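One file, work-v9.txt, carrying compact mmCIF, C-alpha atoms:
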# COMPACT_ATOMS: atom_id res chain seq x y z
CA MET A 1 6.23 -56.68 52.61
CA LEU A 2 3.94 -56.80 49.62
CA GLY A 3 5.43 -57.95 46.35
CA LEU A 4 5.14 -55.95 43.15
CA GLU A 5 1.96 -57.78 42.17
CA GLY A 6 0.42 -57.04 45.56
CA LYS A 7 1.30 -53.35 45.37
CA VAL A 8 -0.16 -53.06 41.88
CA MET A 9 -3.35 -54.80 43.00
CA GLY A 10 -3.53 -52.55 46.06
CA ARG A 11 -3.26 -49.39 43.96
CA PHE A 12 -5.83 -50.74 41.54
CA LEU A 13 -8.28 -51.39 44.37
CA VAL A 14 -7.72 -47.89 45.81
CA PHE A 15 -8.38 -46.46 42.36
CA LEU A 16 -11.60 -48.46 41.91
CA VAL A 17 -12.91 -47.55 45.35
CA ALA A 18 -12.14 -43.88 44.79
CA LEU A 19 -13.84 -43.86 41.41
CA ALA A 20 -16.89 -45.61 42.84
CA PHE A 21 -17.09 -42.97 45.58
CA ALA A 22 -16.65 -40.10 43.12
CA PHE A 23 -19.41 -41.20 40.80
CA ASP A 24 -21.75 -43.07 43.19
CA GLY A 25 -25.46 -42.88 42.46
CA GLN A 26 -27.05 -40.69 39.80
CA ALA A 27 -30.12 -40.12 42.01
CA GLN A 28 -27.91 -39.06 44.91
CA GLN A 29 -26.01 -36.62 42.69
CA ALA A 30 -29.27 -35.05 41.59
CA THR A 31 -30.34 -34.18 45.15
CA GLU A 32 -27.07 -33.88 47.09
CA LYS A 33 -25.35 -30.53 47.32
CA HIS A 34 -21.73 -30.85 46.29
CA LEU A 35 -18.68 -28.69 45.69
CA SER A 36 -17.07 -28.38 42.26
CA PHE A 37 -13.28 -28.63 42.07
CA GLY A 38 -12.08 -27.13 38.78
CA VAL A 39 -8.72 -28.29 37.43
CA VAL A 40 -6.88 -26.38 34.71
CA PRO A 41 -7.12 -28.48 31.50
CA GLN A 42 -3.46 -29.27 30.80
CA HIS A 43 -4.38 -32.73 29.45
CA ASP A 44 -7.36 -34.27 27.67
CA PRO A 45 -10.47 -34.55 29.91
CA GLU A 46 -10.46 -38.36 30.12
CA LYS A 47 -6.86 -38.44 31.30
CA MET A 48 -7.55 -35.69 33.83
CA ALA A 49 -10.58 -37.52 35.22
CA ARG A 50 -8.47 -40.65 35.74
CA GLN A 51 -5.88 -38.57 37.61
CA TRP A 52 -8.09 -36.28 39.69
CA ALA A 53 -11.46 -37.97 40.35
CA PRO A 54 -9.97 -40.45 42.85
CA LEU A 55 -8.38 -37.58 44.75
CA MET A 56 -11.76 -35.81 44.92
CA ALA A 57 -13.29 -38.95 46.39
CA TYR A 58 -10.57 -39.10 49.04
CA LEU A 59 -11.01 -35.44 49.98
CA SER A 60 -14.79 -35.89 50.15
CA LYS A 61 -14.46 -38.73 52.62
CA GLN A 62 -11.84 -36.99 54.76
CA ALA A 63 -13.52 -33.57 54.83
CA GLY A 64 -17.12 -34.81 55.14
CA VAL A 65 -18.41 -32.98 52.06
CA THR A 66 -19.01 -34.22 48.52
CA ILE A 67 -16.46 -32.79 46.06
CA ARG A 68 -16.80 -33.39 42.32
CA PHE A 69 -14.04 -33.15 39.72
CA SER A 70 -14.60 -30.52 37.04
CA THR A 71 -12.57 -28.97 34.26
CA ALA A 72 -13.18 -27.08 31.00
CA PRO A 73 -12.73 -27.87 27.29
CA SER A 74 -9.91 -25.32 27.00
CA ILE A 75 -7.75 -23.07 29.15
CA PRO A 76 -9.52 -19.88 27.93
CA GLU A 77 -12.88 -21.41 28.91
CA PHE A 78 -11.41 -22.39 32.29
CA GLU A 79 -10.34 -18.75 32.72
CA ARG A 80 -13.85 -17.55 31.89
CA ARG A 81 -15.34 -19.86 34.51
CA LEU A 82 -12.83 -18.70 37.11
CA ALA A 83 -13.71 -15.08 36.34
CA GLU A 84 -17.38 -15.91 36.92
CA GLY A 85 -16.64 -17.78 40.14
CA VAL A 86 -18.10 -21.03 38.80
CA TYR A 87 -15.83 -23.36 40.81
CA ASP A 88 -15.99 -23.77 44.58
CA LEU A 89 -12.37 -24.94 44.54
CA ALA A 90 -9.82 -24.72 41.77
CA TYR A 91 -6.32 -25.85 40.83
CA MET A 92 -5.01 -22.97 38.74
CA ASN A 93 -1.72 -21.77 37.34
CA PRO A 94 0.28 -19.08 39.17
CA TYR A 95 -0.76 -16.28 36.84
CA HIS A 96 -4.42 -17.28 37.10
CA PHE A 97 -4.17 -17.09 40.87
CA THR A 98 -2.75 -13.54 40.85
CA VAL A 99 -5.65 -12.48 38.62
CA PHE A 100 -8.57 -14.31 40.21
CA ASN A 101 -7.35 -13.66 43.73
CA GLU A 102 -8.21 -10.03 42.95
CA ARG A 103 -11.60 -10.75 41.39
CA PRO A 104 -13.76 -12.68 42.15
CA GLY A 105 -11.48 -13.20 45.17
CA TYR A 106 -10.32 -16.83 45.19
CA ARG A 107 -8.37 -17.50 48.41
CA ALA A 108 -5.11 -19.44 48.49
CA MET A 109 -5.37 -22.77 50.30
CA ALA A 110 -2.47 -25.00 49.31
CA ARG A 111 0.36 -25.50 46.87
CA GLN A 112 2.67 -28.36 46.02
CA ASN A 113 5.37 -28.95 48.61
CA ASN A 114 9.02 -28.19 47.70
CA HIS A 115 8.14 -27.31 44.13
CA VAL A 116 8.75 -24.50 41.67
CA ILE A 117 7.42 -24.36 38.14
CA LYS A 118 9.68 -23.82 35.13
CA GLY A 119 8.71 -23.16 31.55
CA ILE A 120 10.37 -25.33 28.94
CA LEU A 121 10.67 -25.26 25.17
CA VAL A 122 10.87 -28.64 23.46
CA VAL A 123 12.04 -29.55 19.97
CA SER A 124 12.12 -32.83 18.08
CA LYS A 125 14.93 -35.18 19.03
CA ASP A 126 16.70 -34.74 15.69
CA ALA A 127 16.17 -30.95 15.39
CA ARG A 128 19.30 -28.94 14.58
CA ALA A 129 18.35 -26.17 17.01
CA SER A 130 20.90 -25.76 19.79
CA SER A 131 19.67 -22.46 21.29
CA LEU A 132 16.62 -20.21 21.28
CA ARG A 133 18.23 -18.06 18.59
CA ASP A 134 17.69 -20.93 16.18
CA LEU A 135 13.91 -20.47 16.55
CA LYS A 136 13.81 -17.03 14.89
CA GLY A 137 11.08 -16.95 12.28
CA LYS A 138 9.90 -20.48 13.13
CA SER A 139 6.35 -21.66 13.85
CA LEU A 140 5.98 -22.57 17.54
CA ALA A 141 3.17 -24.21 19.51
CA PHE A 142 1.78 -23.18 22.92
CA PRO A 143 -1.13 -24.57 24.95
CA ALA A 144 -3.07 -21.31 25.38
CA PRO A 145 -2.38 -17.55 25.46
CA HIS A 146 -2.26 -17.34 29.28
CA ALA A 147 -0.76 -20.68 30.26
CA PHE A 148 1.79 -19.36 32.78
CA ALA A 149 5.09 -21.20 32.40
CA ALA A 150 4.37 -22.95 29.09
CA THR A 151 3.35 -19.75 27.29
CA LEU A 152 3.83 -16.48 29.18
CA ILE A 153 7.30 -17.26 30.54
CA THR A 154 8.60 -18.96 27.40
CA ARG A 155 7.28 -16.22 25.10
CA ALA A 156 8.78 -13.48 27.25
CA GLN A 157 12.19 -15.07 26.68
CA LEU A 158 11.54 -15.70 23.01
CA GLU A 159 10.67 -12.03 22.45
CA LYS A 160 14.18 -11.18 23.63
CA THR A 161 16.07 -14.01 21.96
CA ALA A 162 14.12 -15.15 18.89
CA PRO A 163 11.96 -12.26 17.65
CA GLY A 164 9.85 -12.97 14.61
CA TYR A 165 8.68 -16.45 15.62
CA LYS A 166 5.07 -17.37 14.87
CA ALA A 167 2.85 -18.53 17.75
CA SER A 168 -0.03 -21.00 17.48
CA PHE A 169 -2.27 -22.21 20.35
CA VAL A 170 -3.20 -25.89 20.35
CA GLN A 171 -5.49 -26.38 23.40
CA SER A 172 -3.31 -28.37 25.83
CA HIS A 173 0.20 -29.35 26.86
CA ASP A 174 -0.37 -32.81 25.42
CA SER A 175 -1.24 -31.28 22.04
CA VAL A 176 1.99 -29.27 22.08
CA TYR A 177 4.18 -32.31 22.66
CA ARG A 178 2.39 -34.41 20.04
CA ALA A 179 2.57 -31.64 17.44
CA VAL A 180 6.30 -31.10 17.98
CA SER A 181 6.98 -34.84 17.92
CA GLU A 182 5.19 -35.08 14.57
CA GLY A 183 7.19 -32.20 13.08
CA LEU A 184 4.20 -29.85 12.79
CA PHE A 185 6.04 -27.11 14.73
CA ALA A 186 9.72 -26.30 15.22
CA ALA A 187 9.27 -26.10 18.99
CA GLY A 188 6.62 -25.84 21.69
CA GLY A 189 6.11 -24.62 25.25
CA GLY A 190 5.38 -26.83 28.24
CA ILE A 191 6.48 -27.72 31.77
CA HIS A 192 8.48 -30.66 33.13
CA ARG A 193 5.56 -32.32 34.94
CA THR A 194 3.25 -32.57 31.94
CA LEU A 195 6.13 -33.67 29.70
CA GLY A 196 6.96 -36.41 32.19
CA GLU A 197 3.34 -37.61 32.09
CA MET A 198 3.33 -38.11 28.31
CA GLU A 199 3.50 -41.61 26.91
CA PRO A 200 7.08 -42.81 26.28
CA ALA A 201 6.49 -43.02 22.52
CA ILE A 202 6.05 -39.22 22.43
CA ARG A 203 8.75 -38.37 24.98
CA LYS A 204 11.43 -40.27 23.08
CA LYS A 205 10.80 -38.13 19.99
CA ILE A 206 11.40 -34.76 21.67
CA ARG A 207 13.98 -33.07 23.89
CA VAL A 208 14.12 -29.98 26.10
CA LEU A 209 15.93 -27.11 24.37
CA TRP A 210 15.54 -24.51 27.14
CA GLU A 211 14.10 -24.08 30.62
CA SER A 212 13.27 -20.96 32.60
CA ALA A 213 14.01 -19.91 36.14
CA GLY A 214 11.66 -21.33 38.78
CA PHE A 215 8.51 -19.65 40.11
CA THR A 216 5.92 -20.52 42.76
CA GLY A 217 3.76 -23.26 41.29
CA HIS A 218 0.04 -23.83 40.85
CA ALA A 219 -2.44 -22.84 43.54
CA ILE A 220 -5.34 -24.70 45.05
CA ALA A 221 -7.76 -21.94 45.99
CA SER A 222 -11.28 -21.66 47.41
CA HIS A 223 -14.16 -19.44 46.36
CA PRO A 224 -14.53 -16.43 48.70
CA SER A 225 -18.03 -17.56 49.71
CA MET A 226 -16.87 -20.90 51.11
CA PRO A 227 -17.60 -21.18 54.87
CA GLU A 228 -14.43 -21.16 56.98
CA GLU A 229 -15.22 -24.44 58.72
CA GLN A 230 -15.65 -26.21 55.39
CA ARG A 231 -12.51 -24.65 53.98
CA GLU A 232 -10.46 -25.73 57.00
CA ALA A 233 -11.74 -29.31 56.74
CA ILE A 234 -10.72 -29.54 53.08
CA LEU A 235 -7.35 -27.92 53.77
CA GLY A 236 -6.69 -30.40 56.56
CA ALA A 237 -7.47 -33.28 54.21
CA LEU A 238 -5.08 -31.90 51.59
CA LEU A 239 -2.24 -31.39 54.06
CA SER A 240 -2.57 -34.87 55.56
CA MET A 241 -2.51 -36.76 52.26
CA SER A 242 1.21 -37.46 52.25
CA SER A 243 1.01 -39.08 55.70
CA THR A 244 -1.10 -42.06 54.58
CA GLN A 245 -0.42 -44.78 52.03
CA ALA A 246 -3.73 -44.20 50.25
CA GLY A 247 -3.03 -40.47 50.10
CA GLN A 248 0.49 -41.01 48.76
CA GLU A 249 -0.81 -43.23 45.97
CA LEU A 250 -3.41 -40.65 44.97
CA LEU A 251 -0.75 -37.91 44.99
CA GLU A 252 1.47 -40.07 42.81
CA ASN A 253 -1.45 -40.39 40.41
CA ILE A 254 -1.37 -36.61 39.83
CA GLY A 255 2.42 -36.42 39.79
CA MET A 256 2.87 -34.68 43.16
CA ALA A 257 4.48 -35.51 46.50
CA GLY A 258 2.28 -33.50 48.85
CA PHE A 259 0.80 -30.11 49.71
CA VAL A 260 1.63 -27.28 52.11
CA GLU A 261 -0.64 -24.50 53.30
CA ALA A 262 -0.43 -21.41 51.11
CA VAL A 263 -1.08 -17.68 51.49
CA GLY A 264 -1.66 -15.14 48.76
CA SER A 265 1.77 -13.53 49.12
CA ASP A 266 3.41 -16.81 48.05
CA TRP A 267 2.77 -15.65 44.48
CA ASP A 268 4.39 -12.22 44.80
CA ASP A 269 7.24 -13.45 42.57
CA VAL A 270 4.67 -13.88 39.80
CA ARG A 271 3.02 -10.53 40.49
CA ARG A 272 6.39 -8.80 40.14
CA LEU A 273 6.65 -10.03 36.54
CA GLY A 274 3.89 -7.60 35.51
CA LEU A 275 2.35 -9.96 32.96
CA GLY A 276 -0.26 -7.60 31.58
CA VAL A 277 -3.97 -6.81 31.80
CA PRO A 278 -5.79 -9.16 34.22
CA LEU A 279 -8.07 -11.73 32.60
CA GLY A 280 -11.79 -11.21 32.95
CA HIS A 281 -11.42 -7.44 33.59

Could the structure of this file be written out as structure tokens, please?
Amino acid sequence: MLGLEGKVMGRFLVFLVALAFAFDGQAQQATEKHLSFGVVPQHDPEKMARQWAPLMAYLSKQAGVTIRFSTAPSIPEFERRLAEGVYDLAYMNPYHFTVFNERPGYRAMARQNNHVIKGILVVSKDARASSLRDLKGKSLAFPAPHAFAATLITRAQLEKTAPGYKASFVQSHDSVYRAVSEGLFAAGGGIHRTLGEMEPAIRKKIRVLWESAGFTGHAIASHPSMPEEQREAILGALLSMSSTQAGQELLENIGMAGFVEAVGSDWDDVRRLGLGVPLGH
């Protein structure tokens, strides 16, 4: 068996090869047709590129089509691009899927295996708050108006339990956790996965005050114009990732264990929440 040093070196080599594949050749990129894979901007773009670009390289090789990582400078801008059908493929939150499945018609492909998403509210480690009632009248941070679990679910509960709070939107999950850790807000909305991906220096300064019930998680969806043969090749590559060592390491890099095939009705639990006027309409 490989020792720890060997495993670390192996992962590093996989990462380098994947990055080289993802960004190989400026001249080739200029002439080669490729697919854009938009990822909801929960973190800063550099961090997201480190997480997702190697996975795009892997999918490209397995599916036989060039797939490029893409994102947006903010969640609202990501929503605008989804509404316009800019991305060929997209990793979007559950609410986004229910909206953009209707128009422009993004089709469910896959979702994370054995996973539900829960909204959380975090406070500083030494905060006196012991329940949501303690947040009445306080200034709270959220990533964006339509972030599903981090904003929509947490705010729905706050409206019932802590009316009168003041909401501010700070671009990303990372920004929420940093702002709360620095005492700029009394609390902030997020999800367990993005909190777990923060640097330890931030995590040790905050704690989870509340978490929601679980809902079907993020969707990977394809543009309605994608040819069926191409879509099936990409889906097959996604579903097989957890069966190879290289695939497992790339999944670990994005904080997931694997994917299962998805259908649109998987998100009926989100539709039943009736979260308001669809974006982009």

Interatomic distance between atom CA of A:Lys138 and atom CA of A:Ala187?
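Pair atom CA of A:Lys138 / atom CA of A:Ala187 returns 8.1 Å.
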
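Shortest separation to A:Pro54 among A:Ile75, A:Met109, A:Val123, A:Ile254 occurs at residue A:Ile254, atoms counted being only C-alpha atoms.
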
To one decimal place, how far is atom CA of A:Ser131 from atom CA of A:Ala167 in Å?
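So the answer is 17.6 Å.
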
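Residues surrounding A:His218 within 8 Å are Tyr91, Met92, Asn93, Pro94, Phe97, Arg111, Gln112 and Ile117 of chain A [all atoms listed in the file; sequence separation below 6 positions excluded].
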
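Nearest residue to A:Val116 among A:Gly247, A:Gly217, A:Gly264, A:Pro227 is A:Gly217, counting all atoms listed in the file.
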
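With distances taken over only C-alpha atoms, A:Ser74 is the one residue among A:Thr98, A:Gln51, A:Ser74, A:Ser60 lying closest to A:Val170.
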
For A:Asp268, find every residue with an atom within 10 Å (counting only C-alpha atoms), except residues of its own chain fewer than 2 positions away, and show them as a list in words.
Pro94, Thr98, Phe215, Thr216, Gly264, Ser265, Asp266, Val270, Arg271, Arg272 and Leu273 of chain A

Of the candidates A:Val180, A:Ala237, A:Leu209, A:Ala149, which one gets nearest to A:Asp134 if we count all atoms listed in the file?
A:Leu209

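Distance-wise, atom CA of A:Leu238 and atom CA of A:His115 end up 15.9 Å apart.
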
Which polymer residues have any atom within 9 Å of an atom of A:Ala233, counting all atoms listed in the file, with same-chain residues fewer than 5 positions away left out, as a list in words?
Gln62, Ala63, Gly64, Val65, Glu228 and Leu238 of chain A

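Of the listed residues A:Ser36, A:Ser181, A:Thr151, A:Gln42, the one whose atoms come nearest to A:Arg68 is A:Ser36, with distances taken using all atoms listed in the file.
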
At a cut-off of 7 Å from (7.2, -26.1, 53.5) in the coordinates of the file, what residues are picked up using only C-alpha atoms, written as a list in words?
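The answer, in the requested form, is Asn113, Asn114 and Val260 of chain A.
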